[in-house]
2 protein chains.
Amino acid sequence: MRNLDIGEVAEQCGLPTSTLRFYEEKGLIQSIGRRGLRRVFAAGVVERLALIALGRSAGFSLDEIAQIFGPDGRVRIDRKKLLAKADELDATIRRLTTVSKALRHAAACKAPSHMECPRFRRIVRSAVRRPGSRRKNGASTLRNGRARPRGT
Amino acid sequence: MRNLDIGEVAEQCGLPTSTLRFYEEKGLIQSIGRRGLRRVFAAGVVERLALIALGRSAGFSLDEIAQIFGPDGRVRIDRKKLLAKADELDATIRRLTTVSKALRHAAACKAPSHMECPRFRRIVRSAVRRPGSRRKNGASTLRNGRARPRGT
DNA sequence: GTGCCAATTCAAGTCGACTTGAAGTCAAGC
DNA sequence: GCTTGACTTCAAGTCGACTTGAATTGGCAC
C-alpha cells in the first residue's frame with residue numbers, strides 16, 4: 001500500500017486539498033505522519049473519504065460522521081442510528097417522489113396558471129400536509145426538509 | 001376570502017413571522033396592503049407558501065422560486081426547467097435509495113468493522129462513483145448532493 | 001546548491017436561509 | 001388616556017461546510 005501526498009488524495013477523490021485539511025482538523029480523517037511539514041496519508045484514506053461522502057449524502061452532518069468513526073479511528077456504527085437514518089431517508093425519498101410527480105404534471109398541465117389546476121393543487125397540498133407531521137406550538141407544517149444537490 | 005394578519009399567516013402555515021417578512025423582502029410573497037404599519041395578506045398567500053415549500057423541498061433555491069413566480073406575481077413556470085428539475089430529483093432519489101440500502105445493510109451486517117464487509121464496500125463504492133459524473137479539472141467525484149431534512 | 005512550486009498555518013471570508021436584538025409604532029381593550 | 005403586546009424597521013448575528021488569502025516553509029528536480 002502506497003502512502004499518499006495530500007495532492008494525490010485530492011486528485012483520487014476529487015476533493016480540494018483545503019477540504020482534506022479541514023476534514024483532518026475535524027478529526028474525520030488522519031494523516032499517518034509528516035514528511036517535513038507535509039502530511040502523509042495511508043492509501044486507505046480514500047476509502048474512508050468515500051464513506052464520508054456516503055454519510056454526507058445520507059444527510060449526516062460532519063459532526064455525526066465524526067462520531068461514527070470512534071475516537072480510535074475505527075468505523076463503529078450505532079445500528080439504531082443507522083436504521084433511524086435509513087427511515088428518515090426513505091421518508092425523504094417518498095417526499096421527493098411526490099415532488100417529482102408534481103413537477104412532471106406541472107410541465108404537462110394545460111392550465112394557464114398551475115394554481116388553477118385542481119390536480120396540481122392537490123399534489124401541492126399532499127406534499128405539504130404530510131401525514132404524521134405533528135406540530136407542537138405552531139412549528140413546521142410547511143417547514144419540511146430539502147434536498148440540495150450541489151455542484152455541477 | 002378573509003384578509004390575514006402576518007401572525008395569522010404564520011400560524012396557518014407554521015412559519016415564523018420573521019420568515020414571512022424575509023420572503024416578502026425577497027419577492028416570494030406579497031402583502032396586499034397595510035393597516036397602519038401592519039401588513040395585510042390575502043388568504044391565498046397560504047397556498048403560495050405551500051408552493052414555496054414544495055419548491056424548497058424539491059431543491060429549488062429561494063431565488064429560483066422567485067423566478068418561478070413571474071414579476072407579475074403569477075405562477076409562471078418554465079416547463080423545460082421543471083422537467084430538468086424533475087430529472088435531477090429522480091437522480092437524487094436513486095442515489096438516496098442506494099444510500100438507504102447501504103445503511104440498512106450496514107445495520108444488519110455482522111462484520112466487525114463495516115469496511116471489512118465486501119458488500120458494504122461495494123455499496124459505498126457504487127454510491128460514490130456514480131456513472132455519468134464527469135469531472136473536469138479534479139472536481140467532485142465524491143462531492144455529490146446531500147439531503148438534509150431539517151426541523152422535527 | 002538553488003530555485004520552484006506544492007504544502008503549510010491561521011485568520012478571515014462566503015453563501016444561503018434565516019434569526020435575533022434593539023428601538024420604535026400603533027390598534028384595541030380597559 | 002394608558003397600557004399592552006403584536007407589529008414595524010434595520011443591522012447584525014448564526015450555522016454548517018468550506019474557501020480564500022497572505023505569509024512562510026521546505027522537498028525535489030536540475
# chains A, B, ... in the order shown; residues from 1 in each chain; ligands from 1
>>> interface_residues(of="chain D", to="chain B", cutoff="12 Å", atoms="only C-alpha atoms (C1' of nucleotides)", output="PyMOL selection string")
chain D and resi 6-9+16
>>> select_by_dssp(residues="range 33-143 of chain A", states="strand (DSSP E)", output="list of chain:residue names")
A:Gly33, A:Arg34, A:Arg35, A:Arg38, A:Arg39, A:Val40, A:Phe41, A:Ala42
>>> residues_around(residues="Ser61 in chain B", least_positions_apart="2", cutoff="12 Å", atoms="only C-alpha atoms (C1' of nucleotides)", output="list of chain:residue names")
A:Arg146, A:Ala147, A:Arg148, A:Pro149, A:Arg150, B:Lys26, B:Leu28, B:Ile52, B:Ala53, B:Leu54, B:Gly55, B:Arg56, B:Ser57, B:Ala58, B:Gly59, B:Asp63, B:Glu64, B:Ile65, B:Ala66, B:Gln67, B:Ile68, B:Lys85, C:DC15, C:DG16, C:DA17
>>> residues_around(residues="Tyr23 in chain A", least_positions_apart="3", cutoff="10 Å", atoms="only C-alpha atoms (C1' of nucleotides)", output="PyMOL selection string")
(chain A and resi 17-20+26-30+49+52+62+66) or (chain D and resi 18)
>>> interface_residues(of="chain C", to="chain B", cutoff="12 Å", atoms="only C-alpha atoms (C1' of nucleotides)", output="ChimeraX atom specification")
/C:15-20,24-27
>>> select_by_dssp(residues="chain A", states="helix (DSSP H, G or I)", output="PyMOL selection string")
chain A and resi 6-13+17-25+45-57+62-68+79-108+114-116+118-128
>>> residues_around(residues="DT20 in chain D", least_positions_apart="5", cutoff="10 Å", atoms="only C-alpha atoms (C1' of nucleotides)", output="ChimeraX atom specification")
/A:18 /C:12-14
>>> closest_residue(among="A:Arg104, A:Arg2, A:Ala43, A:Gly70", to="chain B", atoms="only C-alpha atoms")
A:Arg104
>>> residues_around(residues="DT2 in chain C", least_positions_apart="3", cutoff="12 Å", atoms="only C-alpha atoms (C1' of nucleotides)", output="PDB file with C-alpha atoms (C1' of nucleotides), in the first residue's frame")
ATOM      1  C1'  DC D  28      12.817  17.513  -5.006  1.00  0.00           C
ATOM      2  C1'  DA D  29      14.456  18.075  -9.897  1.00  0.00           C
ATOM      3  C1'  DC D  30      18.073  20.059 -12.026  1.00  0.00           C
TER       4       DC D  30
END
>>> atom_distance(atom1="CA of Ala107 in chain A", atom2="CA of Thr97 in chain B")
25.0 Å
>>> residues_around(residues="Asn3 in chain A", least_positions_apart="4", cutoff="7 Å", atoms="only C-alpha atoms (C1' of nucleotides)", output="list in words")
Val40, Phe41, Ala42 and Ala43 of chain A
>>> write_last_selection(atoms="C-alpha atoms", output="mmCIF file, in the first residue's frame")
data_model
loop_
_atom_site.group_PDB
_atom_site.id
_atom_site.type_symbol
_atom_site.label_atom_id
_atom_site.label_comp_id
_atom_site.auth_asym_id
_atom_site.auth_seq_id
_atom_site.Cartn_x
_atom_site.Cartn_y
_atom_site.Cartn_z
ATOM 1 C CA VAL A 40 1.429 11.715 4.560
ATOM 2 C CA PHE A 41 -1.748 9.715 4.132
ATOM 3 C CA ALA A 42 -2.246 5.976 4.037
ATOM 4 C CA ALA A 43 -3.955 4.747 0.899
#
>>> closest_residue(among="A:Gly33, A:Gly14, A:Pro112, A:Gly44", to="chain B", atoms="only C-alpha atoms")
A:Gly14
>>> closest_residue(among="B:Leu83, B:Ala50, B:Ala102, B:Ala108", to="Phe120 in chain B", atoms="only C-alpha atoms")
B:Ala102
>>> decode(residues="chain C", atoms="C-alpha atoms (C1' of nucleotides)", output="compact mmCIF listing (two decimals), in the first residue's frame")
# COMPACT_ATOMS: atom_id res chain seq x y z
C1' DG C 1 23.02 24.30 -4.06
C1' DT C 2 19.39 26.62 -5.69
C1' DG C 3 15.01 27.67 -7.43
C1' DC C 4 10.37 26.49 -7.93
C1' DC C 5 6.10 25.06 -6.72
C1' DA C 6 3.31 22.42 -3.79
C1' DA C 7 2.45 22.42 1.07
C1' DT C 8 1.98 24.64 5.32
C1' DT C 9 -0.58 27.72 9.07
C1' DC C 10 -4.01 30.87 10.63
C1' DA C 11 -7.40 34.19 10.28
C1' DA C 12 -10.97 35.77 7.90
C1' DG C 13 -14.42 35.49 4.27
C1' DT C 14 -18.52 33.35 1.80
C1' DC C 15 -23.05 31.53 0.91
C1' DG C 16 -27.98 30.66 1.69
C1' DA C 17 -31.58 31.00 4.62
C1' DC C 18 -32.99 32.72 8.20
C1' DT C 19 -32.94 34.59 13.26
C1' DT C 20 -32.17 37.94 16.77
C1' DG C 21 -31.92 42.28 19.05
C1' DA C 22 -32.77 46.95 19.77
C1' DA C 23 -35.62 50.62 19.31
C1' DG C 24 -39.72 52.42 17.82
C1' DT C 25 -45.13 52.36 16.30
C1' DC C 26 -49.81 51.74 16.84
C1' DA C 27 -54.72 49.42 17.28
C1' DA C 28 -57.54 47.92 20.69
C1' DG C 29 -59.26 46.86 25.14
C1' DC C 30 -59.82 48.64 29.78
